file coords10.cif (mmCIF, C-alpha atoms)
data_run
#
loop_
_atom_site.label_atom_id
_atom_site.label_comp_id
_atom_site.auth_asym_id
_atom_site.auth_seq_id
_atom_site.Cartn_x
_atom_site.Cartn_y
_atom_site.Cartn_z
CA MET A 1 14.22 -21.67 25.26
CA VAL A 2 12.41 -21.74 21.92
CA LYS A 3 12.05 -25.53 22.23
CA LYS A 4 10.72 -25.22 25.79
CA LEU A 5 8.19 -22.64 24.62
CA ALA A 6 7.16 -24.91 21.75
CA LEU A 7 6.70 -27.82 24.18
CA PHE A 8 4.69 -25.54 26.47
CA GLY A 9 2.58 -24.61 23.45
CA VAL A 10 1.95 -28.25 22.54
CA LEU A 11 1.14 -29.24 26.13
CA PHE A 12 -1.29 -26.39 26.64
CA GLY A 13 -2.83 -26.57 23.18
CA MET A 14 -1.62 -23.12 22.06
CA ALA A 15 -1.54 -22.58 18.31
CA ALA A 16 1.92 -21.66 17.08
CA PRO A 17 1.81 -18.26 15.34
CA ALA A 18 1.64 -18.51 11.55
CA LEU A 19 4.72 -17.78 9.38
CA GLN A 20 7.15 -18.67 12.18
CA SER A 21 8.28 -22.11 11.01
CA PRO A 22 11.90 -22.24 9.89
CA VAL A 23 11.87 -22.58 6.11
CA GLU A 24 14.31 -22.16 3.24
CA PRO A 25 15.39 -18.62 2.27
CA PRO A 26 13.01 -16.70 0.02
CA ASP A 27 13.32 -16.09 -3.72
CA PRO A 28 15.80 -13.23 -4.34
CA GLY A 29 12.89 -11.22 -5.80
CA MET A 30 11.42 -10.90 -2.30
CA LYS A 31 14.06 -8.26 -1.47
CA THR A 32 12.50 -5.62 -3.73
CA LEU A 33 8.95 -4.33 -3.71
CA VAL A 34 7.79 -3.72 -7.30
CA GLN A 35 4.09 -2.83 -7.10
CA VAL A 36 1.56 -1.09 -4.86
CA ALA A 37 -2.05 -1.50 -6.01
CA ILE A 38 -5.09 0.59 -5.15
CA VAL A 39 -8.59 -0.78 -5.69
CA SER A 40 -10.93 1.98 -6.83
CA ARG A 41 -14.61 2.21 -7.76
CA ASN A 42 -13.60 4.24 -10.83
CA ALA A 43 -10.13 3.62 -12.24
CA GLU A 44 -10.34 6.54 -14.66
CA ALA A 45 -11.25 9.08 -11.95
CA THR A 46 -8.58 7.80 -9.55
CA ALA A 47 -5.93 7.70 -12.28
CA LYS A 48 -6.77 11.30 -13.24
CA GLN A 49 -6.24 12.42 -9.65
CA TRP A 50 -2.88 10.65 -9.46
CA ALA A 51 -1.77 12.06 -12.82
CA ALA A 52 -2.60 15.61 -11.63
CA LEU A 53 -0.85 15.01 -8.29
CA LEU A 54 2.30 13.62 -9.89
CA GLY A 55 2.35 15.95 -12.91
CA VAL A 56 2.40 13.02 -15.35
CA PRO A 57 0.25 12.24 -18.43
CA MET A 58 -3.01 10.41 -17.83
CA PRO A 59 -2.17 6.68 -18.00
CA LYS A 60 -3.97 4.39 -20.44
CA ILE A 61 -6.89 2.47 -18.91
CA THR A 62 -7.16 -1.13 -20.13
CA LEU A 63 -9.80 -3.78 -19.52
CA THR A 64 -8.43 -7.26 -18.79
CA ARG A 65 -9.66 -10.20 -20.86
CA PRO A 66 -12.59 -12.26 -19.49
CA GLY A 67 -11.39 -14.40 -16.57
CA ARG A 68 -11.60 -17.81 -18.25
CA GLU A 69 -9.51 -16.62 -21.21
CA VAL A 70 -6.65 -15.80 -18.83
CA LYS A 71 -7.18 -18.77 -16.49
CA VAL A 72 -8.44 -16.75 -13.53
CA VAL A 73 -9.03 -18.92 -10.47
CA TYR A 74 -10.51 -17.25 -7.36
CA ARG A 75 -10.81 -19.15 -4.11
CA GLY A 76 -10.32 -22.44 -5.93
CA ARG A 77 -12.87 -21.92 -8.71
CA PRO A 78 -12.62 -20.61 -12.27
CA SER A 79 -13.83 -17.01 -12.50
CA GLU A 80 -15.00 -14.71 -15.28
CA GLY A 81 -13.97 -11.66 -13.21
CA GLN A 82 -12.15 -8.80 -14.92
CA ALA A 83 -10.71 -5.40 -14.05
CA LYS A 84 -9.90 -2.03 -15.53
CA LEU A 85 -6.24 -1.27 -14.91
CA ALA A 86 -3.93 1.77 -15.00
CA PHE A 87 -0.21 1.85 -14.23
CA ILE A 88 1.96 4.79 -13.13
CA PRO A 89 5.72 4.27 -12.60
CA LEU A 90 7.17 5.64 -9.33
CA GLY A 91 10.78 4.51 -9.57
CA GLN A 92 11.36 0.86 -8.70
CA VAL A 93 7.67 0.59 -7.78
CA THR A 94 4.69 0.82 -10.12
CA LEU A 95 1.45 2.21 -8.78
CA GLU A 96 -1.43 0.08 -10.11
CA ILE A 97 -5.02 1.30 -10.06
CA ILE A 98 -7.65 -1.47 -10.30
CA GLU A 99 -11.39 -1.17 -10.85
CA PRO A 100 -13.10 -4.54 -10.40
CA VAL A 101 -15.41 -5.52 -13.29
CA GLY A 102 -17.77 -8.39 -12.53
CA VAL A 103 -17.54 -10.62 -9.48
CA ASP A 104 -15.36 -13.43 -8.10
CA THR A 105 -12.01 -11.68 -7.81
CA SER A 106 -9.87 -10.59 -4.86
CA TRP A 107 -10.33 -7.02 -6.17
CA LYS A 108 -14.11 -7.12 -5.75
CA GLU A 109 -13.76 -8.89 -2.42
CA PHE A 110 -11.46 -6.12 -1.13
CA LEU A 111 -13.76 -3.33 -2.34
CA ASP A 112 -16.82 -4.97 -0.72
CA LYS A 113 -14.97 -5.57 2.56
CA HIS A 114 -12.84 -2.43 2.99
CA GLY A 115 -13.89 0.15 0.42
CA GLU A 116 -11.26 1.83 -1.73
CA GLY A 117 -7.66 1.39 -0.62
CA VAL A 118 -4.35 -0.42 -1.12
CA GLN A 119 -5.34 -4.02 -1.87
CA HIS A 120 -1.97 -5.63 -2.53
CA ILE A 121 1.77 -5.16 -2.76
CA ALA A 122 3.79 -7.26 -5.19
CA PHE A 123 7.16 -8.92 -5.64
CA GLN A 124 8.58 -10.27 -8.91
CA VAL A 125 9.94 -13.79 -8.30
CA LYS A 126 12.24 -16.00 -10.38
CA ASP A 127 10.85 -19.32 -9.13
CA LEU A 128 7.07 -19.11 -8.81
CA GLU A 129 6.28 -22.73 -7.89
CA GLY A 130 9.17 -22.87 -5.38
CA SER A 131 8.01 -19.59 -3.83
CA LEU A 132 4.44 -20.87 -3.53
CA ARG A 133 5.63 -24.10 -1.85
CA ARG A 134 7.66 -22.03 0.64
CA LEU A 135 4.72 -19.72 1.33
CA GLU A 136 2.45 -22.73 1.85
CA LYS A 137 4.85 -23.95 4.58
CA LEU A 138 4.50 -20.50 6.15
CA GLY A 139 0.72 -20.90 6.15
CA LEU A 140 -0.12 -18.75 3.11
CA THR A 141 -2.41 -20.23 0.48
CA THR A 142 -3.48 -18.98 -2.95
CA LEU A 143 -6.41 -16.56 -3.02
CA HIS A 144 -6.60 -15.63 -6.71
CA ARG A 145 -4.40 -16.26 -9.72
CA GLY A 146 -4.36 -15.79 -13.45
CA ARG A 147 -2.25 -15.27 -16.56
CA TYR A 148 -1.17 -11.85 -17.79
CA ASP A 149 -3.37 -10.61 -20.65
CA SER A 150 -0.27 -10.82 -22.84
CA ASP A 151 -0.06 -14.52 -21.87
CA ASN A 152 3.64 -14.17 -21.01
CA GLY A 153 3.41 -14.41 -17.24
CA THR A 154 1.40 -15.40 -14.18
CA TYR A 155 0.20 -13.50 -11.10
CA VAL A 156 -0.73 -15.13 -7.81
CA TYR A 157 -2.36 -13.43 -4.81
CA LEU A 158 -1.84 -15.02 -1.41
CA ASP A 159 -4.48 -15.06 1.32
CA SER A 160 -2.24 -13.00 3.62
CA GLU A 161 -4.42 -10.16 4.95
CA LYS A 162 -4.63 -11.61 8.47
CA ALA A 163 -0.97 -12.58 8.75
CA LEU A 164 0.67 -9.61 6.98
CA GLY A 165 -1.96 -6.85 7.06
CA VAL A 166 -2.14 -6.82 3.25
CA THR A 167 -2.61 -9.19 0.32
CA LEU A 168 0.70 -10.31 -1.15
CA GLU A 169 1.10 -10.77 -4.92
CA LEU A 170 3.79 -12.74 -6.70
CA LEU A 171 4.51 -11.84 -10.32
CA HIS A 172 6.33 -14.23 -12.63
CA SER A 173 7.32 -13.70 -16.25
CA ASP A 174 7.49 -16.83 -18.40
CA PRO A 175 11.02 -17.85 -19.37
CA LYS A 176 11.87 -16.54 -22.85
CA PRO A 177 11.65 -19.31 -25.46
CA MET B 1 -11.28 21.02 -27.37
CA VAL B 2 -10.23 21.11 -23.74
CA LYS B 3 -11.21 24.80 -23.57
CA LYS B 4 -14.59 24.06 -25.16
CA LEU B 5 -15.23 21.32 -22.61
CA ALA B 6 -14.25 23.64 -19.77
CA LEU B 7 -16.64 26.31 -21.10
CA PHE B 8 -19.37 23.67 -21.35
CA GLY B 9 -18.64 22.77 -17.73
CA VAL B 10 -18.94 26.36 -16.60
CA LEU B 11 -22.12 27.00 -18.58
CA PHE B 12 -23.85 23.91 -17.26
CA GLY B 13 -22.62 24.25 -13.68
CA MET B 14 -20.67 20.97 -13.68
CA ALA B 15 -18.20 20.66 -10.83
CA ALA B 16 -14.65 20.17 -12.07
CA PRO B 17 -13.22 16.98 -10.58
CA ALA B 18 -10.80 17.60 -7.70
CA LEU B 19 -7.04 17.62 -8.36
CA GLN B 20 -7.59 18.65 -11.98
CA SER B 21 -6.64 22.32 -11.74
CA PRO B 22 -3.50 23.23 -13.64
CA VAL B 23 -0.79 23.80 -11.04
CA GLU B 24 2.99 24.02 -11.01
CA PRO B 25 4.98 20.79 -11.46
CA PRO B 26 5.47 18.67 -8.34
CA ASP B 27 8.58 18.43 -6.17
CA PRO B 28 11.13 16.08 -7.84
CA GLY B 29 10.70 13.73 -4.86
CA MET B 30 7.19 12.89 -6.09
CA LYS B 31 8.72 10.68 -8.82
CA THR B 32 9.87 8.00 -6.35
CA LEU B 33 7.81 6.13 -3.80
CA VAL B 34 9.86 5.60 -0.63
CA GLN B 35 7.51 4.07 1.93
CA VAL B 36 4.51 1.76 2.23
CA ALA B 37 3.00 1.64 5.73
CA ILE B 38 0.76 -1.00 7.27
CA VAL B 39 -1.29 -0.21 10.36
CA SER B 40 -1.47 -3.24 12.66
CA ARG B 41 -3.08 -4.04 16.01
CA ASN B 42 0.21 -5.62 17.11
CA ALA B 43 3.38 -4.31 15.48
CA GLU B 44 5.55 -7.02 17.00
CA ALA B 45 3.39 -9.89 15.71
CA THR B 46 3.07 -8.35 12.22
CA ALA B 47 6.81 -7.58 12.04
CA LYS B 48 7.60 -11.20 13.02
CA GLN B 49 5.43 -12.48 10.16
CA TRP B 50 7.14 -10.18 7.67
CA ALA B 51 10.61 -11.11 8.93
CA ALA B 52 9.78 -14.82 8.48
CA LEU B 53 8.31 -14.20 5.03
CA LEU B 54 11.27 -12.17 3.82
CA GLY B 55 13.97 -14.21 5.59
CA VAL B 56 15.33 -11.14 7.38
CA PRO B 57 16.12 -10.50 11.08
CA MET B 58 13.29 -9.30 13.28
CA PRO B 59 13.30 -5.48 13.05
CA LYS B 60 13.59 -3.36 16.19
CA ILE B 61 10.25 -2.08 17.51
CA THR B 62 10.38 1.49 18.81
CA LEU B 63 7.79 3.60 20.59
CA THR B 64 7.51 7.19 19.35
CA ARG B 65 7.78 10.03 21.87
CA PRO B 66 4.53 11.46 23.32
CA GLY B 67 2.74 13.53 20.68
CA ARG B 68 3.28 16.98 22.20
CA GLU B 69 7.05 16.41 22.46
CA VAL B 70 7.22 15.90 18.71
CA LYS B 71 4.61 18.53 17.80
CA VAL B 72 1.93 16.10 16.64
CA VAL B 73 -1.12 17.88 15.24
CA TYR B 74 -4.09 15.75 14.18
CA ARG B 75 -7.09 17.31 12.43
CA GLY B 76 -5.96 20.76 13.53
CA ARG B 77 -5.41 20.03 17.24
CA PRO B 78 -2.34 19.06 19.27
CA SER B 79 -2.33 15.34 20.03
CA GLU B 80 -0.57 13.12 22.57
CA GLY B 81 -0.96 10.13 20.19
CA GLN B 82 1.97 7.77 19.73
CA ALA B 83 2.81 4.61 17.81
CA LYS B 84 5.02 1.56 17.91
CA LEU B 85 7.03 1.39 14.69
CA ALA B 86 9.09 -1.19 12.79
CA PHE B 87 10.90 -0.70 9.48
CA ILE B 88 11.97 -3.30 6.90
CA PRO B 89 13.88 -2.18 3.77
CA LEU B 90 12.58 -3.53 0.44
CA GLY B 91 14.91 -1.79 -2.02
CA GLN B 92 14.00 1.84 -2.73
CA VAL B 93 10.90 1.39 -0.57
CA THR B 94 10.78 0.84 3.20
CA LEU B 95 7.93 -1.19 4.63
CA GLU B 96 6.73 0.50 7.83
CA ILE B 97 4.60 -1.31 10.40
CA ILE B 98 2.63 0.97 12.74
CA GLU B 99 0.70 0.08 15.88
CA PRO B 100 -1.30 3.07 17.14
CA VAL B 101 -0.77 3.87 20.84
CA GLY B 102 -3.34 6.21 22.37
CA VAL B 103 -5.86 8.19 20.35
CA ASP B 104 -5.99 11.22 18.03
CA THR B 105 -3.76 10.06 15.18
CA SER B 106 -4.43 9.12 11.56
CA TRP B 107 -3.12 5.64 12.47
CA LYS B 108 -5.85 5.06 15.06
CA GLU B 109 -8.45 6.59 12.73
CA PHE B 110 -7.48 4.17 9.96
CA LEU B 111 -7.56 1.12 12.25
CA ASP B 112 -10.99 2.06 13.60
CA LYS B 113 -12.38 2.73 10.12
CA HIS B 114 -10.81 0.00 8.00
CA GLY B 115 -9.10 -2.52 10.26
CA GLU B 116 -5.51 -3.55 9.57
CA GLY B 117 -4.13 -2.60 6.16
CA VAL B 118 -1.97 -0.20 4.16
CA GLN B 119 -2.65 3.22 5.67
CA HIS B 120 -0.29 5.42 3.70
CA ILE B 121 2.37 5.62 1.02
CA ALA B 122 5.11 8.23 1.26
CA PHE B 123 7.32 10.47 -0.85
CA GLN B 124 10.45 12.30 0.33
CA VAL B 125 10.26 15.94 -0.81
CA LYS B 126 12.89 18.67 -0.99
CA ASP B 127 10.50 21.59 -0.51
CA LEU B 128 7.88 20.71 2.11
CA GLU B 129 6.07 24.05 2.36
CA GLY B 130 6.02 24.50 -1.43
CA SER B 131 4.67 20.96 -1.84
CA LEU B 132 1.94 21.58 0.75
CA ARG B 133 0.90 24.81 -1.02
CA ARG B 134 0.69 22.94 -4.33
CA LEU B 135 -1.33 20.11 -2.76
CA GLU B 136 -3.68 22.63 -1.18
CA LYS B 137 -4.38 24.03 -4.67
CA LEU B 138 -5.20 20.46 -5.70
CA GLY B 139 -7.68 20.19 -2.84
CA LEU B 140 -5.58 18.18 -0.37
CA THR B 141 -5.33 19.45 3.20
CA THR B 142 -3.23 18.31 6.15
CA LEU B 143 -4.64 15.44 8.21
CA HIS B 144 -1.83 14.80 10.70
CA ARG B 145 1.73 16.02 11.08
CA GLY B 146 4.64 15.85 13.47
CA ARG B 147 8.41 15.95 13.87
CA TYR B 148 10.62 12.88 13.60
CA ASP B 149 11.56 11.50 17.02
CA SER B 150 15.16 12.43 16.15
CA ASP B 151 13.92 16.02 15.65
CA ASN B 152 15.70 16.24 12.28
CA GLY B 153 12.69 16.13 10.01
CA THR B 154 8.93 16.53 9.58
CA TYR B 155 6.19 14.22 8.30
CA VAL B 156 2.84 15.39 6.98
CA TYR B 157 -0.16 13.21 6.11
CA LEU B 158 -2.65 14.59 3.61
CA ASP B 159 -6.38 13.95 3.80
CA SER B 160 -6.33 12.13 0.45
CA GLU B 161 -8.22 8.87 0.97
CA LYS B 162 -11.24 9.96 -1.06
CA ALA B 163 -9.28 11.53 -3.90
CA LEU B 164 -6.41 9.04 -4.21
CA GLY B 165 -7.66 5.88 -2.51
CA VAL B 166 -4.92 6.11 0.13
CA THR B 167 -3.44 8.59 2.60
CA LEU B 168 -0.42 10.39 1.17
CA GLU B 169 2.59 11.21 3.38
CA LEU B 170 5.31 13.73 2.67
CA LEU B 171 8.63 13.25 4.44
CA HIS B 172 11.11 16.10 4.77
CA SER B 173 14.56 16.04 6.36
CA ASP B 174 15.74 19.31 7.88
CA PRO B 175 18.55 21.00 5.93
CA LYS B 176 21.92 20.12 7.47
CA PRO B 177 23.29 23.02 9.56
#
call {"tool": "encode", "arguments": {"input": "coords10.cif", "output": "structure tokens"}}
result
Amino acid sequence: MVKKLALFGVLFGMAAPALQSPVEPPDPGMKTLVQVAIVSRNAEATAKQWAALLGVPMPKITLTRPGREVKVVYRGRPSEGQAKLAFIPLGQVTLEIIEPVGVDTSWKEFLDKHGEGVQHIAFQVKDLEGSLRRLEKLGLTTLHRGRYDSDNGTYVYLDSEKALGVTLELLHSDPKP
Amino acid sequence: MVKKLALFGVLFGMAAPALQSPVEPPDPGMKTLVQVAIVSRNAEATAKQWAALLGVPMPKITLTRPGREVKVVYRGRPSEGQAKLAFIPLGQVTLEIIEPVGVDTSWKEFLDKHGEGVQHIAFQVKDLEGSLRRLEKLGLTTLHRGRYDSDNGTYVYLDSEKALGVTLELLHSDPKP
């Protein structure tokens, strides 16, 4: 039945829906959500509200290094974009608050397009390159990537808003030397 | 120093930022995020994409009961609004996919205002009424509430987009008889 539908699709020029191709199983890290990230116009103000809500101390606000220092690439081009960040642990998941600084990042793009809101959710994978190859087969390409400020890991955002309703982020810590 | 700043604020008529009043500690359930919910125009299509991405079976799609049967109240008025729902577990957190059906719900409001995206994140509280009183002191009022379809619990959405960057949901299971 699936084959007949596929043939029907080919004959009548219907595009197969994205993400439906049979592919290898995902990285084991894709079973556990680890991060929910809110883009805000003012990270400090938003973090204060969350700290009051949750009854926790105000988290530290940090400014990421300039984009080129941490190999930021946004939509295929090197970017100098930065962000102010705050993190609040909520069990297995960390709430991240992001204030875009400068242009040419997925954070700024989200704020311009949607206003404040949840920009991405993240998974921590063991095999980053394998995961990216699998996601490419599913139709998801890289939107924005960079190194952690600590230079001991890489983050990659996938261009998944249309397919998944939200931007997906993969996090990957470098293997310990 | 904090007292001096507060006095300065009072003397010079500065508005204290919302959610900053000292209030009692939050419900212990506020330490653990339990749900991230995406509003979609087509729950089935979005759930299929997620199932393919995560390598899990397609989740069941259910239609909630008509609003008045499950005591839905939206912006202070009874609502007949419904939704199609799908749930995918991701460790401690469940990913919820919501397709608004009918009008007068926070789901439809979000879709009209922002398009598809993460509409709310949820916490499971032990004391719902106490939590709502505390949130009211912090400036957060109820946006939308209703009973679970199973009639064994209540959900409440808070009007928190401006303060927190996302709608907050409290979930509360009825005490077992």
call {"tool": "resolve_selection", "arguments": {"input": "coords10.cif", "expression": "the PyMOL selection byres ((chain B and resi 130) around 12)", "output": "ChimeraX atom specification"}}
result
/B:23-28,125-129,131-137,170,172
call {"tool": "resolve_selection", "arguments": {"input": "coords10.cif", "expression": "the PyMOL selection byres ((chain A) within 7 of (chain B))", "output": "list in words"}}
result
Leu19, Gln20, Pro25, Pro26, Met30, Lys31, Thr32, Leu33, Ile38, Ser40, Thr46, Gln49, Trp50, Ala52, Leu53, Leu54, Gly55, Leu90, Gly91, Gln92, Val93, His114, Glu116, Gly117, Val118, Ala163, Leu164, Gly165 and Val166 of chain A
call {"tool": "write_last_selection", "arguments": {"input": "coords10.cif", "atoms": "C-alpha atoms", "output": "tab-separated table (two decimals), in the frame of the given file"}}
result
chain	number	residue	atom	x	y	z
A	19	LEU	CA	4.72	-17.78	9.38
A	20	GLN	CA	7.15	-18.67	12.18
A	25	PRO	CA	15.39	-18.62	2.27
A	26	PRO	CA	13.01	-16.70	0.02
A	30	MET	CA	11.42	-10.90	-2.30
A	31	LYS	CA	14.06	-8.26	-1.47
A	32	THR	CA	12.50	-5.62	-3.73
A	33	LEU	CA	8.95	-4.33	-3.71
A	38	ILE	CA	-5.09	0.59	-5.15
A	40	SER	CA	-10.93	1.98	-6.83
A	46	THR	CA	-8.58	7.80	-9.55
A	49	GLN	CA	-6.24	12.42	-9.65
A	50	TRP	CA	-2.88	10.65	-9.46
A	52	ALA	CA	-2.60	15.61	-11.63
A	53	LEU	CA	-0.85	15.01	-8.29
A	54	LEU	CA	2.30	13.62	-9.89
A	55	GLY	CA	2.35	15.95	-12.91
A	90	LEU	CA	7.17	5.64	-9.33
A	91	GLY	CA	10.78	4.51	-9.57
A	92	GLN	CA	11.36	0.86	-8.70
A	93	VAL	CA	7.67	0.59	-7.78
A	114	HIS	CA	-12.84	-2.43	2.99
A	116	GLU	CA	-11.26	1.83	-1.73
A	117	GLY	CA	-7.66	1.39	-0.62
A	118	VAL	CA	-4.35	-0.42	-1.12
A	163	ALA	CA	-0.97	-12.58	8.75
A	164	LEU	CA	0.67	-9.61	6.98
A	165	GLY	CA	-1.96	-6.85	7.06
A	166	VAL	CA	-2.14	-6.82	3.25
call {"tool": "resolve_selection", "arguments": {"input": "coords10.cif", "expression": "the PyMOL selection byres ((chain A and resi 154) around 9)", "output": "count of residues only"}}
result
15
call {"tool": "residues_around", "arguments": {"input": "coords10.cif", "residues": "A:Lys60", "least_positions_apart": "6", "cutoff": "9 Å", "atoms": "only C-alpha atoms", "output": "VMD selection string"}}
result
chain A and resid 44 85 to 87
call {"tool": "atom_distance", "arguments": {"input": "coords10.cif", "atom1": "atom CA of A:Trp107", "atom2": "atom CA of A:His144"}}
result
9.4 Å
call {"tool": "closest_residue", "arguments": {"input": "coords10.cif", "among": "A:Val101, A:Pro177, A:Gln82, A:Arg75", "to": "A:Thr141", "atoms": "only C-alpha atoms"}}
result
A:Arg75
call {"tool": "atom_distance", "arguments": {"input": "coords10.cif", "atom1": "atom CA of B:Pro59", "atom2": "atom CA of B:Glu96"}}
result
10.3 Å
call {"tool": "atom_distance", "arguments": {"input": "coords10.cif", "atom1": "atom CA of B:Glu99", "atom2": "atom CA of A:Leu143"}}
result
26.2 Å
call {"tool": "closest_residue", "arguments": {"input": "coords10.cif", "among": "A:Asp112, A:Ala122, A:Thr62, A:Ser79", "to": "A:Ile98", "atoms": "all atoms listed in the file"}}
result
A:Thr62
call {"tool": "residues_near_point", "arguments": {"input": "coords10.cif", "point": "(6.5, 17.5, 20.8)", "cutoff": "10 Å", "atoms": "all atoms listed in the file", "output": "ChimeraX atom specification"}}
result
/B:65-73,78-80,146-149,151
call {"tool": "closest_residue", "arguments": {"input": "coords10.cif", "among": "B:Gln124, B:Gly76, B:Ala43, B:Asp159", "to": "B:Pro100", "atoms": "all atoms listed in the file"}}
result
B:Ala43
call {"tool": "decode", "arguments": {"input": "coords10.cif", "residues": "stretch 78-95 of chain B", "atoms": "N, CA, C and O atoms", "output": "PDB file, in the first residue's frame"}}
result
ATOM      1  N   PRO B  78     -16.587  30.650  29.344  1.00  0.00           N
ATOM      2  CA  PRO B  78     -16.656  29.251  28.919  1.00  0.00           C
ATOM      3  C   PRO B  78     -16.401  29.157  27.425  1.00  0.00           C
ATOM      4  O   PRO B  78     -16.787  30.039  26.658  1.00  0.00           O
ATOM      5  N   SER B  79     -15.724  28.088  27.014  1.00  0.00           N
ATOM      6  CA  SER B  79     -15.340  27.925  25.608  1.00  0.00           C
ATOM      7  C   SER B  79     -15.673  26.517  25.146  1.00  0.00           C
ATOM      8  O   SER B  79     -15.567  25.556  25.907  1.00  0.00           O
ATOM      9  N   GLU B  80     -16.061  26.385  23.878  1.00  0.00           N
ATOM     10  CA  GLU B  80     -16.294  25.068  23.281  1.00  0.00           C
ATOM     11  C   GLU B  80     -15.043  24.565  22.557  1.00  0.00           C
ATOM     12  O   GLU B  80     -15.073  23.529  21.901  1.00  0.00           O
ATOM     13  N   GLY B  81     -13.944  25.336  22.650  1.00  0.00           N
ATOM     14  CA  GLY B  81     -12.710  25.001  21.917  1.00  0.00           C
ATOM     15  C   GLY B  81     -12.180  23.614  22.241  1.00  0.00           C
ATOM     16  O   GLY B  81     -12.324  23.116  23.358  1.00  0.00           O
ATOM     17  N   GLN B  82     -11.583  23.003  21.239  1.00  0.00           N
ATOM     18  CA  GLN B  82     -11.023  21.656  21.373  1.00  0.00           C
ATOM     19  C   GLN B  82      -9.639  21.643  20.737  1.00  0.00           C
ATOM     20  O   GLN B  82      -9.170  22.639  20.179  1.00  0.00           O
ATOM     21  N   ALA B  83      -9.014  20.464  20.768  1.00  0.00           N
ATOM     22  CA  ALA B  83      -7.717  20.301  20.115  1.00  0.00           C
ATOM     23  C   ALA B  83      -7.485  18.838  19.778  1.00  0.00           C
ATOM     24  O   ALA B  83      -8.005  17.943  20.455  1.00  0.00           O
ATOM     25  N   LYS B  84      -6.710  18.607  18.717  1.00  0.00           N
ATOM     26  CA  LYS B  84      -6.156  17.280  18.480  1.00  0.00           C
ATOM     27  C   LYS B  84      -4.799  17.245  19.172  1.00  0.00           C
ATOM     28  O   LYS B  84      -4.020  18.210  19.059  1.00  0.00           O
ATOM     29  N   LEU B  85      -4.527  16.143  19.861  1.00  0.00           N
ATOM     30  CA  LEU B  85      -3.298  16.042  20.656  1.00  0.00           C
ATOM     31  C   LEU B  85      -2.501  14.791  20.307  1.00  0.00           C
ATOM     32  O   LEU B  85      -3.076  13.738  20.022  1.00  0.00           O
ATOM     33  N   ALA B  86      -1.171  14.908  20.379  1.00  0.00           N
ATOM     34  CA  ALA B  86      -0.280  13.740  20.305  1.00  0.00           C
ATOM     35  C   ALA B  86       0.809  13.935  21.345  1.00  0.00           C
ATOM     36  O   ALA B  86       1.217  15.077  21.611  1.00  0.00           O
ATOM     37  N   PHE B  87       1.258  12.834  21.929  1.00  0.00           N
ATOM     38  CA  PHE B  87       2.292  12.904  22.977  1.00  0.00           C
ATOM     39  C   PHE B  87       3.452  11.968  22.637  1.00  0.00           C
ATOM     40  O   PHE B  87       3.225  10.806  22.283  1.00  0.00           O
ATOM     41  N   ILE B  88       4.676  12.474  22.783  1.00  0.00           N
ATOM     42  CA  ILE B  88       5.878  11.655  22.559  1.00  0.00           C
ATOM     43  C   ILE B  88       6.802  11.835  23.769  1.00  0.00           C
ATOM     44  O   ILE B  88       7.226  12.960  24.049  1.00  0.00           O
ATOM     45  N   PRO B  89       7.103  10.740  24.504  1.00  0.00           N
ATOM     46  CA  PRO B  89       7.975  10.891  25.681  1.00  0.00           C
ATOM     47  C   PRO B  89       9.432  11.119  25.277  1.00  0.00           C
ATOM     48  O   PRO B  89       9.937  10.471  24.365  1.00  0.00           O
ATOM     49  N   LEU B  90      10.078  12.051  25.974  1.00  0.00           N
ATOM     50  CA  LEU B  90      11.499  12.377  25.739  1.00  0.00           C
ATOM     51  C   LEU B  90      12.215  12.429  27.076  1.00  0.00           C
ATOM     52  O   LEU B  90      12.772  13.461  27.451  1.00  0.00           O
ATOM     53  N   GLY B  91      12.151  11.302  27.826  1.00  0.00           N
ATOM     54  CA  GLY B  91      12.713  11.278  29.175  1.00  0.00           C
ATOM     55  C   GLY B  91      11.723  11.912  30.128  1.00  0.00           C
ATOM     56  O   GLY B  91      10.510  11.671  30.038  1.00  0.00           O
ATOM     57  N   GLN B  92      12.225  12.711  31.045  1.00  0.00           N
ATOM     58  CA  GLN B  92      11.387  13.395  32.045  1.00  0.00           C
ATOM     59  C   GLN B  92      10.316  14.279  31.399  1.00  0.00           C
ATOM     60  O   GLN B  92       9.278  14.559  32.001  1.00  0.00           O
ATOM     61  N   VAL B  93      10.609  14.738  30.179  1.00  0.00           N
ATOM     62  CA  VAL B  93       9.729  15.676  29.486  1.00  0.00           C
ATOM     63  C   VAL B  93       8.908  14.939  28.429  1.00  0.00           C
ATOM     64  O   VAL B  93       9.416  14.052  27.758  1.00  0.00           O
ATOM     65  N   THR B  94       7.643  15.312  28.297  1.00  0.00           N
ATOM     66  CA  THR B  94       6.820  14.818  27.189  1.00  0.00           C
ATOM     67  C   THR B  94       6.664  15.934  26.170  1.00  0.00           C
ATOM     68  O   THR B  94       6.352  17.070  26.533  1.00  0.00           O
ATOM     69  N   LEU B  95       6.899  15.589  24.902  1.00  0.00           N
ATOM     70  CA  LEU B  95       6.624  16.531  23.816  1.00  0.00           C
ATOM     71  C   LEU B  95       5.150  16.397  23.471  1.00  0.00           C
ATOM     72  O   LEU B  95       4.669  15.289  23.196  1.00  0.00           O
TER      73      LEU B  95
END
